[in-house]
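Structure file upload.txt (compact mmCIF, C-alpha atoms) is printed below.
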```
# COMPACT_ATOMS: atom_id res chain seq x y z
CA MET A 1 -5.26 54.83 46.55
CA GLU A 2 -3.57 57.98 45.35
CA VAL A 3 -5.82 61.03 44.98
CA GLN A 4 -4.71 61.55 41.39
CA ASN A 5 -5.80 58.00 40.50
CA LEU A 6 -9.26 58.67 41.85
CA THR A 7 -9.38 61.94 39.93
CA TYR A 8 -8.35 60.14 36.77
CA TYR A 9 -11.11 57.53 37.16
CA LEU A 10 -13.69 60.26 37.73
CA GLN A 11 -12.58 62.18 34.65
CA GLN A 12 -12.73 59.05 32.49
CA ALA A 13 -16.19 58.19 33.76
CA ARG A 14 -17.47 61.73 33.22
CA GLU A 15 -16.23 61.77 29.62
CA THR A 16 -17.79 58.35 28.97
CA ALA A 17 -21.12 59.40 30.45
CA LYS A 18 -21.20 62.62 28.41
CA GLN A 19 -20.35 60.77 25.20
CA GLU A 20 -23.09 58.19 25.76
CA GLU A 21 -25.62 60.94 26.46
CA MET A 22 -24.70 62.78 23.26
CA GLU A 23 -24.99 59.60 21.17
CA ALA A 24 -28.37 58.79 22.69
CA LYS A 25 -29.82 62.22 22.02
CA GLU A 26 -27.97 62.69 18.71
CA ILE A 27 -27.04 66.27 19.52
CA GLU A 28 -23.91 68.33 19.18
CA PRO A 29 -21.54 68.43 22.19
CA PRO A 30 -22.48 71.25 24.58
CA GLN A 31 -20.15 74.22 24.72
CA THR A 32 -20.43 74.67 28.47
CA THR A 33 -19.16 72.34 31.18
CA THR A 34 -21.85 70.25 32.88
CA THR A 35 -22.22 70.89 36.59
CA TRP A 36 -22.21 67.74 38.68
CA ASN A 37 -24.57 67.27 41.59
CA ARG A 38 -24.85 64.80 44.44
CA GLU A 39 -27.11 62.57 42.35
CA THR A 40 -24.67 62.35 39.45
CA VAL A 41 -21.53 61.51 41.40
CA PRO A 42 -22.81 58.28 42.99
CA GLU A 43 -23.85 56.92 39.60
CA VAL A 44 -20.48 57.80 38.10
CA MET A 45 -18.63 56.21 41.02
CA LYS A 46 -20.58 52.99 40.53
CA ILE A 47 -19.55 52.90 36.87
CA VAL A 48 -15.91 53.62 37.70
CA SER A 49 -15.68 51.14 40.55
CA THR A 50 -16.68 48.16 38.41
CA LYS A 51 -13.39 48.65 36.51
CA VAL A 52 -11.20 49.00 39.61
CA PRO A 53 -9.21 46.02 41.03
CA GLN A 54 -10.49 44.67 44.34
CA ARG A 55 -7.62 46.07 46.40
CA ASP A 56 -8.12 49.55 44.97
CA LEU A 57 -11.85 49.26 45.53
CA ILE A 58 -11.22 48.58 49.23
CA SER A 59 -8.96 51.64 49.32
CA LEU A 60 -11.74 53.79 47.87
CA LEU A 61 -13.84 53.00 50.95
CA LEU A 62 -11.34 54.95 53.05
CA VAL A 63 -11.66 58.19 51.04
CA SER A 64 -14.74 59.46 52.88
CA PRO A 65 -17.83 58.24 54.80
CA TRP A 66 -20.04 59.43 51.95
CA LEU A 67 -18.08 57.40 49.36
CA TYR A 68 -18.10 54.41 51.71
CA ARG A 69 -21.90 54.50 51.91
CA THR A 70 -22.22 54.99 48.16
CA LEU A 71 -20.07 52.01 47.24
CA THR A 72 -21.26 49.58 49.91
CA SER A 73 -24.87 50.18 48.85
CA PHE A 74 -24.13 48.84 45.34
CA PRO A 75 -24.18 44.97 45.53
CA PRO A 76 -22.60 44.26 42.09
CA LEU A 77 -19.28 45.61 43.41
CA TRP A 78 -19.07 42.97 46.13
CA MET A 79 -19.73 39.71 44.31
CA VAL A 80 -16.08 38.63 44.04
CA LEU A 81 -13.57 37.78 46.78
CA ASP A 82 -10.05 37.37 45.40
CA PHE A 83 -7.37 36.18 47.83
CA ARG A 84 -5.12 34.63 45.21
CA GLU A 85 -1.58 34.00 46.59
CA MET A 86 -2.34 36.07 49.71
CA ASN A 87 -1.08 35.21 53.19
CA LYS A 88 -3.55 34.54 56.03
CA ALA A 89 -6.19 33.88 53.41
CA GLY A 90 -8.36 31.82 55.75
CA ASP A 91 -8.69 34.61 58.30
CA ARG A 92 -9.24 37.18 55.54
CA LEU A 93 -12.01 35.07 54.02
CA ILE A 94 -13.86 34.69 57.32
CA ALA A 95 -13.55 38.41 58.05
CA ALA A 96 -14.81 39.39 54.59
CA THR A 97 -17.81 37.07 54.53
CA SER A 98 -18.82 38.41 57.93
CA LEU A 99 -19.38 41.86 56.40
CA PRO A 100 -22.89 42.77 55.18
CA ARG A 101 -21.64 43.95 51.78
CA TYR A 102 -20.42 40.42 50.91
CA GLN A 103 -23.73 38.68 51.54
CA HIS A 104 -24.28 38.21 47.80
CA VAL A 105 -20.79 36.96 46.87
CA LYS A 106 -20.77 34.76 43.74
CA GLN A 107 -17.08 34.05 43.23
CA ILE A 108 -14.26 33.17 45.65
CA ASN A 109 -10.69 32.75 44.40
CA LEU A 110 -8.19 31.14 46.82
CA GLU A 111 -5.73 29.91 44.19
CA PHE A 112 -2.37 29.22 45.85
CA ALA A 113 -3.48 31.22 48.87
CA GLN A 114 -1.56 30.65 52.08
CA ASP A 115 -2.93 29.68 55.51
CA ILE A 116 -6.27 28.33 54.32
CA GLU A 117 -7.25 25.10 56.09
CA ASP A 118 -10.24 22.88 56.82
CA LYS A 119 -10.90 24.75 60.05
CA HIS A 120 -11.53 28.00 58.14
CA LEU A 121 -14.08 26.33 55.87
CA GLU A 122 -15.80 24.87 58.93
CA VAL A 123 -16.08 28.36 60.44
CA LEU A 124 -17.67 29.56 57.20
CA GLN A 125 -20.17 26.74 57.44
CA SER A 126 -21.15 27.55 61.02
CA LYS A 127 -21.00 31.36 61.07
CA CYS A 128 -21.04 32.76 57.52
CA SER A 129 -23.29 30.39 55.59
CA VAL A 130 -25.69 33.21 54.62
CA SER A 131 -22.95 34.90 52.58
CA LEU A 132 -22.31 31.72 50.57
CA GLN A 133 -25.84 30.85 49.53
CA LYS A 134 -25.39 32.51 46.12
CA LEU A 135 -21.80 31.34 45.54
CA GLU A 136 -21.33 30.05 41.98
CA SER A 137 -17.55 29.70 41.62
CA LEU A 138 -14.95 28.39 44.10
CA ASN A 139 -11.25 28.11 43.26
CA LEU A 140 -9.15 26.08 45.73
CA ASN A 141 -6.25 25.43 43.35
CA GLY A 142 -3.03 24.64 45.17
CA CYS A 143 -4.65 24.78 48.64
CA GLN A 144 -2.68 21.86 50.05
CA LYS A 145 -4.23 21.93 53.52
CA ILE A 146 -7.78 21.30 52.35
CA SER A 147 -9.10 17.75 52.76
CA ASP A 148 -12.38 15.86 52.39
CA LYS A 149 -13.46 17.41 55.69
CA GLY A 150 -13.11 20.94 54.32
CA ILE A 151 -14.86 20.05 51.07
CA GLU A 152 -17.82 18.69 53.01
CA ALA A 153 -18.04 21.85 55.11
CA ILE A 154 -17.85 24.41 52.31
CA THR A 155 -20.08 22.59 49.81
CA SER A 156 -22.84 22.10 52.36
CA THR A 157 -23.37 25.88 52.37
CA CYS A 158 -23.29 26.67 48.64
CA SER A 159 -25.88 24.58 46.83
CA LYS A 160 -25.81 26.91 43.79
CA LEU A 161 -22.14 26.24 43.02
CA LYS A 162 -21.46 25.82 39.29
CA VAL A 163 -17.66 26.01 39.03
CA PHE A 164 -15.35 24.07 41.36
CA SER A 165 -11.58 23.78 41.00
CA ILE A 166 -9.09 22.09 43.32
CA TYR A 167 -6.03 21.68 41.09
CA TRP A 168 -2.97 19.91 42.50
CA ASN A 169 -4.24 18.76 45.89
CA VAL A 170 -1.57 16.12 46.47
CA ARG A 171 0.12 16.29 49.86
CA TYR A 172 -0.44 13.93 52.73
CA VAL A 173 -2.43 15.15 55.71
CA LYS A 174 -0.23 13.53 58.32
CA THR A 175 2.05 10.58 58.83
CA THR A 176 1.48 8.69 62.07
CA PHE A 177 4.03 6.18 63.31
CA ARG A 178 3.07 3.58 65.89
CA LEU A 179 5.85 1.48 67.33
CA SER A 180 5.30 -1.63 69.42
CA PHE A 181 7.38 -4.64 70.40
CA ALA A 182 6.95 -8.03 72.02
CA LEU A 183 9.47 -10.12 73.96
CA GLN A 184 9.64 -13.84 73.26
CA ILE A 185 11.47 -16.25 75.57
CA ASP A 186 12.22 -19.83 74.69
CA PRO A 187 12.78 -21.59 78.07
CA LYS A 188 14.38 -24.64 76.46
CA MET A 189 16.79 -22.80 74.24
CA GLN A 190 17.17 -19.84 76.62
CA ILE A 191 16.93 -17.54 73.62
CA PHE A 192 15.51 -14.08 73.84
CA SER A 193 14.05 -12.48 70.73
CA VAL A 194 12.37 -9.12 70.22
CA LEU A 195 9.59 -8.72 67.67
CA TRP A 196 9.06 -5.18 66.40
CA SER A 197 6.07 -3.93 64.47
CA LEU A 198 5.82 -0.59 62.76
CA THR A 199 2.57 0.89 61.50
CA CYS A 200 2.65 3.89 59.18
CA LYS A 201 -0.71 5.53 58.54
CA LEU A 202 -0.93 7.78 55.50
CA SER A 203 -3.94 9.98 54.87
CA PHE A 204 -4.38 11.82 51.59
CA ARG A 205 -6.06 15.19 51.12
CA VAL A 206 -9.07 15.13 48.79
CA THR A 207 -10.29 11.65 47.90
CA ASP A 208 -13.41 10.05 46.41
CA ILE A 209 -15.18 10.88 49.69
CA GLY A 210 -14.67 14.62 49.14
CA ILE A 211 -16.00 14.36 45.58
CA LYS A 212 -19.03 12.51 46.92
CA HIS A 213 -19.76 15.42 49.28
CA LEU A 214 -19.37 17.89 46.41
CA VAL A 215 -21.73 15.98 44.15
CA GLU A 216 -24.38 15.44 46.82
CA ASN A 217 -24.34 19.05 48.05
CA CYS A 218 -23.95 20.93 44.76
CA LYS A 219 -26.36 19.80 42.04
CA HIS A 220 -25.53 22.44 39.43
CA ILE A 221 -21.81 21.86 38.73
CA VAL A 222 -20.94 22.45 35.06
CA ASP A 223 -17.18 23.12 35.35
CA LEU A 224 -15.02 20.74 37.41
CA ASN A 225 -11.23 20.81 37.71
CA LEU A 226 -9.64 17.90 39.62
CA SER A 227 -6.23 18.23 37.96
CA GLY A 228 -3.47 16.56 39.96
CA CYS A 229 -5.78 14.95 42.54
CA LYS A 230 -3.96 11.63 42.34
CA THR A 231 -6.21 9.67 44.70
CA ILE A 232 -9.39 10.21 42.67
CA SER A 233 -10.60 6.87 41.29
CA ASP A 234 -13.26 5.51 38.96
CA LYS A 235 -15.67 5.53 41.90
CA ALA A 236 -15.61 9.34 41.92
CA LEU A 237 -16.22 9.46 38.16
CA GLN A 238 -19.20 7.14 38.54
CA ILE A 239 -20.75 9.49 41.13
CA ILE A 240 -20.10 12.51 38.89
CA ALA A 241 -21.55 10.79 35.82
CA GLU A 242 -24.73 9.80 37.63
CA ASN A 243 -25.39 13.26 39.09
CA HIS A 244 -23.91 15.87 36.74
CA GLN A 245 -25.01 14.98 33.25
CA ASP A 246 -25.00 18.67 32.26
CA LEU A 247 -21.26 18.91 32.89
CA GLU A 248 -19.58 21.15 30.30
CA SER A 249 -15.92 21.18 31.35
CA LEU A 250 -13.85 18.46 33.06
CA ASN A 251 -10.13 18.49 33.85
CA LEU A 252 -8.64 15.16 34.98
CA THR A 253 -4.95 15.93 34.33
CA ARG A 254 -2.66 13.48 36.13
CA CYS A 255 -5.49 11.69 37.96
CA VAL A 256 -3.42 8.57 37.53
CA LYS A 257 -5.74 6.05 39.22
CA LEU A 258 -8.43 6.45 36.57
CA THR A 259 -9.12 3.69 34.06
CA ASP A 260 -11.13 3.19 30.88
CA GLY A 261 -14.09 2.05 32.97
CA GLY A 262 -14.46 5.34 34.82
CA LEU A 263 -13.93 7.52 31.76
CA GLN A 264 -16.44 5.56 29.71
CA GLN A 265 -19.14 6.30 32.28
CA ILE A 266 -18.38 10.03 32.07
CA LEU A 267 -18.37 9.99 28.27
CA SER A 268 -21.60 8.00 28.06
CA LYS A 269 -23.65 10.11 30.47
CA CYS A 270 -22.12 13.61 30.26
CA SER A 271 -22.58 14.34 26.55
CA SER A 272 -22.77 18.13 26.97
CA GLN A 273 -19.03 18.52 27.53
CA GLN A 274 -17.29 21.25 25.62
CA SER A 275 -13.88 20.89 27.28
CA LEU A 276 -12.11 17.67 28.28
CA ASN A 277 -8.55 17.52 29.63
CA LEU A 278 -6.98 14.05 29.89
CA TYR A 279 -3.37 15.26 29.99
CA ALA A 280 -0.82 12.65 31.18
CA LEU A 281 -3.27 9.75 31.56
CA SER A 282 -1.08 7.25 29.78
CA SER A 283 -2.96 4.13 30.90
CA LEU A 284 -6.13 4.90 28.94
CA THR A 285 -6.76 2.99 25.71
CA ASP A 286 -8.80 3.30 22.53
CA LYS A 287 -11.84 2.07 24.49
CA THR A 288 -11.94 5.55 26.01
CA TYR A 289 -10.73 7.52 23.00
CA LYS A 290 -13.33 6.04 20.64
CA LYS A 291 -16.04 6.96 23.14
CA ILE A 292 -15.04 10.65 22.92
CA SER A 293 -16.89 10.68 19.58
CA SER A 294 -20.14 10.77 21.61
CA LEU A 295 -19.45 14.41 22.63
CA PRO A 296 -21.01 16.49 19.82
CA HIS A 297 -20.33 19.84 21.51
CA LEU A 298 -16.66 19.22 22.29
CA LYS A 299 -14.37 22.17 21.47
CA PHE A 300 -11.27 21.67 23.63
CA LEU A 301 -9.49 18.32 23.96
CA ASP A 302 -6.10 17.69 25.58
CA LEU A 303 -4.65 14.19 25.08
CA CYS A 304 -0.98 15.01 25.68
CA GLY A 305 0.89 11.82 26.53
CA ALA A 306 -1.86 9.45 25.37
CA GLN A 307 0.57 6.65 24.58
CA ASN A 308 -2.12 4.15 23.61
CA LEU A 309 -4.06 6.42 21.24
CA SER A 310 -4.09 4.86 17.78
CA ASP A 311 -5.09 6.19 14.38
CA GLU A 312 -8.35 4.29 14.74
CA GLY A 313 -9.13 6.04 18.00
CA LEU A 314 -8.17 9.43 16.57
CA SER A 315 -10.37 8.82 13.54
CA CYS A 316 -13.33 8.35 15.90
CA ILE A 317 -12.48 11.62 17.66
CA ALA A 318 -12.59 13.32 14.24
CA ARG A 319 -16.38 12.94 14.37
CA CYS A 320 -16.40 15.79 16.92
CA LYS A 321 -16.86 18.43 14.23
CA ASN A 322 -16.69 21.41 16.62
CA ILE A 323 -13.19 20.85 18.01
CA VAL A 324 -11.10 24.03 17.83
CA SER A 325 -8.22 23.03 20.14
CA LEU A 326 -6.49 19.63 20.10
CA ASN A 327 -3.30 18.68 21.93
CA LEU A 328 -1.74 15.45 20.63
CA SER A 329 1.76 16.01 21.98
CA TRP A 330 3.64 12.75 22.62
CA CYS A 331 0.82 10.60 21.23
CA VAL A 332 3.54 8.33 19.86
CA ARG A 333 1.32 5.78 18.04
CA VAL A 334 -0.36 8.38 15.85
CA THR A 335 0.55 8.61 12.15
CA ASP A 336 -0.59 10.58 9.10
CA VAL A 337 -3.76 8.46 8.94
CA GLY A 338 -5.11 9.80 12.22
CA VAL A 339 -4.08 13.42 11.62
CA VAL A 340 -5.60 13.40 8.11
CA ALA A 341 -8.87 12.19 9.64
CA ILE A 342 -8.78 15.11 12.08
CA ALA A 343 -8.05 17.58 9.28
CA GLU A 344 -10.97 16.34 7.21
CA GLY A 345 -13.40 16.13 10.13
CA CYS A 346 -12.48 19.10 12.35
CA THR A 347 -12.40 21.94 9.84
CA SER A 348 -12.78 24.63 12.53
CA LEU A 349 -9.46 23.65 14.12
CA GLU A 350 -7.47 26.62 15.48
CA PHE A 351 -4.92 24.97 17.80
CA LEU A 352 -3.05 21.74 17.04
CA SER A 353 0.05 20.32 18.71
CA LEU A 354 1.78 17.29 17.19
CA PHE A 355 4.93 17.82 19.26
CA GLY A 356 7.16 14.75 19.50
CA ILE A 357 5.18 12.49 17.16
CA VAL A 358 7.73 10.78 14.91
CA GLY A 359 5.13 8.88 12.88
CA VAL A 360 3.65 11.88 11.05
CA LYS A 361 4.96 12.98 7.66
CA ASP A 362 4.58 15.89 5.24
CA ARG A 363 1.33 14.48 3.87
CA CYS A 364 -0.62 15.30 7.03
CA LEU A 365 0.58 18.92 6.89
CA GLU A 366 -0.56 19.24 3.28
CA VAL A 367 -4.04 17.88 4.11
CA LEU A 368 -4.25 20.15 7.16
CA SER A 369 -3.48 23.10 4.91
CA ARG A 370 -6.16 22.05 2.45
CA PHE A 371 -8.95 21.81 5.07
CA CYS A 372 -7.88 24.10 7.93
CA SER A 373 -5.67 26.84 6.43
CA LYS A 374 -8.28 29.51 7.15
CA THR A 375 -8.63 28.64 10.83
CA VAL A 376 -5.33 27.34 12.25
CA THR A 377 -3.50 29.96 14.34
CA THR A 378 -1.32 27.66 16.49
CA LEU A 379 0.62 24.69 15.11
CA ASP A 380 3.47 22.87 16.85
CA VAL A 381 5.28 20.26 14.74
CA ASN A 382 8.57 20.47 16.62
CA GLY A 383 10.11 17.05 17.18
CA CYS A 384 8.18 15.59 14.23
CA VAL A 385 11.24 14.24 12.44
CA GLY A 386 9.18 12.96 9.52
CA ILE A 387 8.02 16.48 8.61
CA LYS A 388 10.37 18.59 6.52
CA ARG A 389 11.78 21.54 8.44
CA ARG A 390 10.22 24.76 7.22
CA SER A 391 10.89 28.38 7.94
CA ARG A 392 8.16 30.53 9.41
CA ASP A 393 7.51 32.09 6.01
CA GLU A 394 7.04 28.65 4.46
CA LEU A 395 4.59 27.64 7.18
CA LEU A 396 2.70 30.88 6.68
CA GLN A 397 2.22 29.99 3.03
CA LEU A 398 0.41 26.84 4.15
CA PHE A 399 -1.40 28.49 7.09
CA PRO A 400 -1.79 32.26 6.52
CA ARG A 401 -3.37 32.88 9.94
CA LEU A 402 -0.60 31.10 11.86
CA ARG A 403 0.63 33.15 14.85
CA CYS A 404 2.20 30.59 17.20
CA PHE A 405 4.74 28.01 16.01
CA LYS A 406 5.69 26.41 19.33
CA VAL A 407 3.56 25.17 22.23
CA HIS A 408 6.27 23.23 24.10
CA SER A 409 9.76 24.54 24.84
```
Will you turn the file into structure tokens for me?
Amino acid sequence: MEVQNLTYYLQQARETAKQEEMEAKEIEPPQTTTTWNRETVPEVMKIVSTKVPQRDLISLLLVSPWLYRTLTSFPPLWMVLDFREMNKAGDRLIAATSLPRYQHVKQINLEFAQDIEDKHLEVLQSKCSVSLQKLESLNLNGCQKISDKGIEAITSTCSKLKVFSIYWNVRYVKTTFRLSFALQIDPKMQIFSVLWSLTCKLSFRVTDIGIKHLVENCKHIVDLNLSGCKTISDKALQIIAENHQDLESLNLTRCVKLTDGGLQQILSKCSSQQSLNLYALSSLTDKTYKKISSLPHLKFLDLCGAQNLSDEGLSCIARCKNIVSLNLSWCVRVTDVGVVAIAEGCTSLEFLSLFGIVGVKDRCLEVLSRFCSKTVTTLDVNGCVGIKRRSRDELLQLFPRLRCFKVHS
């Protein structure tokens, strides 16, 4: 870090500290400059460092041995490890968790990090497990080389985990080809024939087995993101529903093997959910959508592409009075009836997308304005051919707080 940046941080912290002291004592600002001592500087540096990005914080350690000791002795500075989009992330993670200052880490972010594999998580399990005992949040989004084996290893060391995300884990582990042949001879016909057999063994990354390890090892999960994990089935949802009934947020985007049966178990047993993402699950039916009404705390709901959602199903969802964000893009069976029910039931609505729904008309917009004009800030009615085209000024007359007019491009 540049010296002037450090000086700037120190000046800002000193001014903040002086201002807080003056407000606490309710006195006039002193006319003379306060002299700092060796007791003051460490406290100021601790305040400053909490606002500094991780990379800059590491650079601060190189300024002097005294500053190194000051910062490393302050545990709150070392509770986050962020290797997002970094190369050699696996080796970096092992090296960091081997350091004493990271023995209280609570959050690890490996989103789209490179070179992170099962073998790195197994090393963490065997050599760095002490550093992970207080881990609460683990982000493995886009880590394509992590499989059930890695999930088992890492979750066995962090029983206090609350937030787990492994978005878009879709590649195959390996494709194995086995080629064999047999020679058949017909002595009467004197015909030779060759029989070939080809075996192709495909192995997916994270499956129901990995979710089983997660559920069994981590009993406190409240936020779970499995978006894009296309091999996850109803079996995984059954395990989640039976063990994580305090679940607050669940993202199942593009988990295409799921059916009404699996979702109904989640909706019946996990009634504390505040956020539910069912984006691009076109095979679900009203059996699932009607059951969403059993989530009284629901605030965020994404049903984009719910081709089988009817007005009847949407009317049941309208019983979730606390919904503030609702994505109904491409819910092609929905009409004014369903949207009017939402307007009348979800009066705290702030975000609504009706993109691409041809069955809605002007009436639903008028009812929305009547019940939700004071709350709606985002409204996308693009592609709704039944709704009269309005300028931004005309929409603002209906929804004065409107700030965003397009969700999809």
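For the choices A:Asp260, A:Asp148, A:Asp393, A:Asp91, the atom-to-atom distance to Asp234 of chain A is smallest for A:Asp260 when using all atoms listed in the file.
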Counting only C-alpha atoms, what is within 9 Å of segment 309-323 of chain A, bar same-chain residues fewer than 4 positions away, as a PyMOL selection string? chain A and resi 274+284-301+303+331-350
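Using only C-alpha atoms, the nearest neighbour of Gly228 of chain A within the list A:Ala95, A:Leu328, A:Val206, A:Ile146 is A:Val206.
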Taking the point (-18.9, 10.6, 31.1) as given in the file, collect each protein or nucleic acid residue that comes within 9 Å of it, counting all atoms listed in the file, and present the set as JSON, numbers by chain. {"A": [237, 238, 240, 241, 242, 245, 247, 262, 263, 264, 265, 266, 267, 268, 269, 270, 271, 273]}
Please measure the separation of atom CA of Gln144 of chain A and atom CA of His244 of chain A, giving the value in Å to one decimal. 25.8 Å
Non-local contacts of Val215 of chain A (12 Å; only C-alpha atoms; under 4 positions in same chain excluded) as number ranges by chain: A: 151-152, 155-156, 158-164, 208-211, 219-222, 224, 236-245, 247
Hey, can you spit out that residue selection with C-alpha atoms as a tab-separated table (two decimals), keeping the file's coordinate frame?
```tsv
chain	number	residue	atom	x	y	z
A	151	ILE	CA	-14.86	20.05	51.07
A	152	GLU	CA	-17.82	18.69	53.01
A	155	THR	CA	-20.08	22.59	49.81
A	156	SER	CA	-22.84	22.10	52.36
A	158	CYS	CA	-23.29	26.67	48.64
A	159	SER	CA	-25.88	24.58	46.83
A	160	LYS	CA	-25.81	26.91	43.79
A	161	LEU	CA	-22.14	26.24	43.02
A	162	LYS	CA	-21.46	25.82	39.29
A	163	VAL	CA	-17.66	26.01	39.03
A	164	PHE	CA	-15.35	24.07	41.36
A	208	ASP	CA	-13.41	10.05	46.41
A	209	ILE	CA	-15.18	10.88	49.69
A	210	GLY	CA	-14.67	14.62	49.14
A	211	ILE	CA	-16.00	14.36	45.58
A	219	LYS	CA	-26.36	19.80	42.04
A	220	HIS	CA	-25.53	22.44	39.43
A	221	ILE	CA	-21.81	21.86	38.73
A	222	VAL	CA	-20.94	22.45	35.06
A	224	LEU	CA	-15.02	20.74	37.41
A	236	ALA	CA	-15.61	9.34	41.92
A	237	LEU	CA	-16.22	9.46	38.16
A	238	GLN	CA	-19.20	7.14	38.54
A	239	ILE	CA	-20.75	9.49	41.13
A	240	ILE	CA	-20.10	12.51	38.89
A	241	ALA	CA	-21.55	10.79	35.82
A	242	GLU	CA	-24.73	9.80	37.63
A	243	ASN	CA	-25.39	13.26	39.09
A	244	HIS	CA	-23.91	15.87	36.74
A	245	GLN	CA	-25.01	14.98	33.25
A	247	LEU	CA	-21.26	18.91	32.89
```
Nearest candidate to Met79 of chain A (options A:Ser391, A:Ser98, A:Ser64, A:Ser131; using all atoms listed in the file): A:Ser131
Counting all atoms listed in the file, closest pick from A:Arg401, A:Lys134, A:Lys145, A:Lys230 relative to Ile116 of chain A is A:Lys145
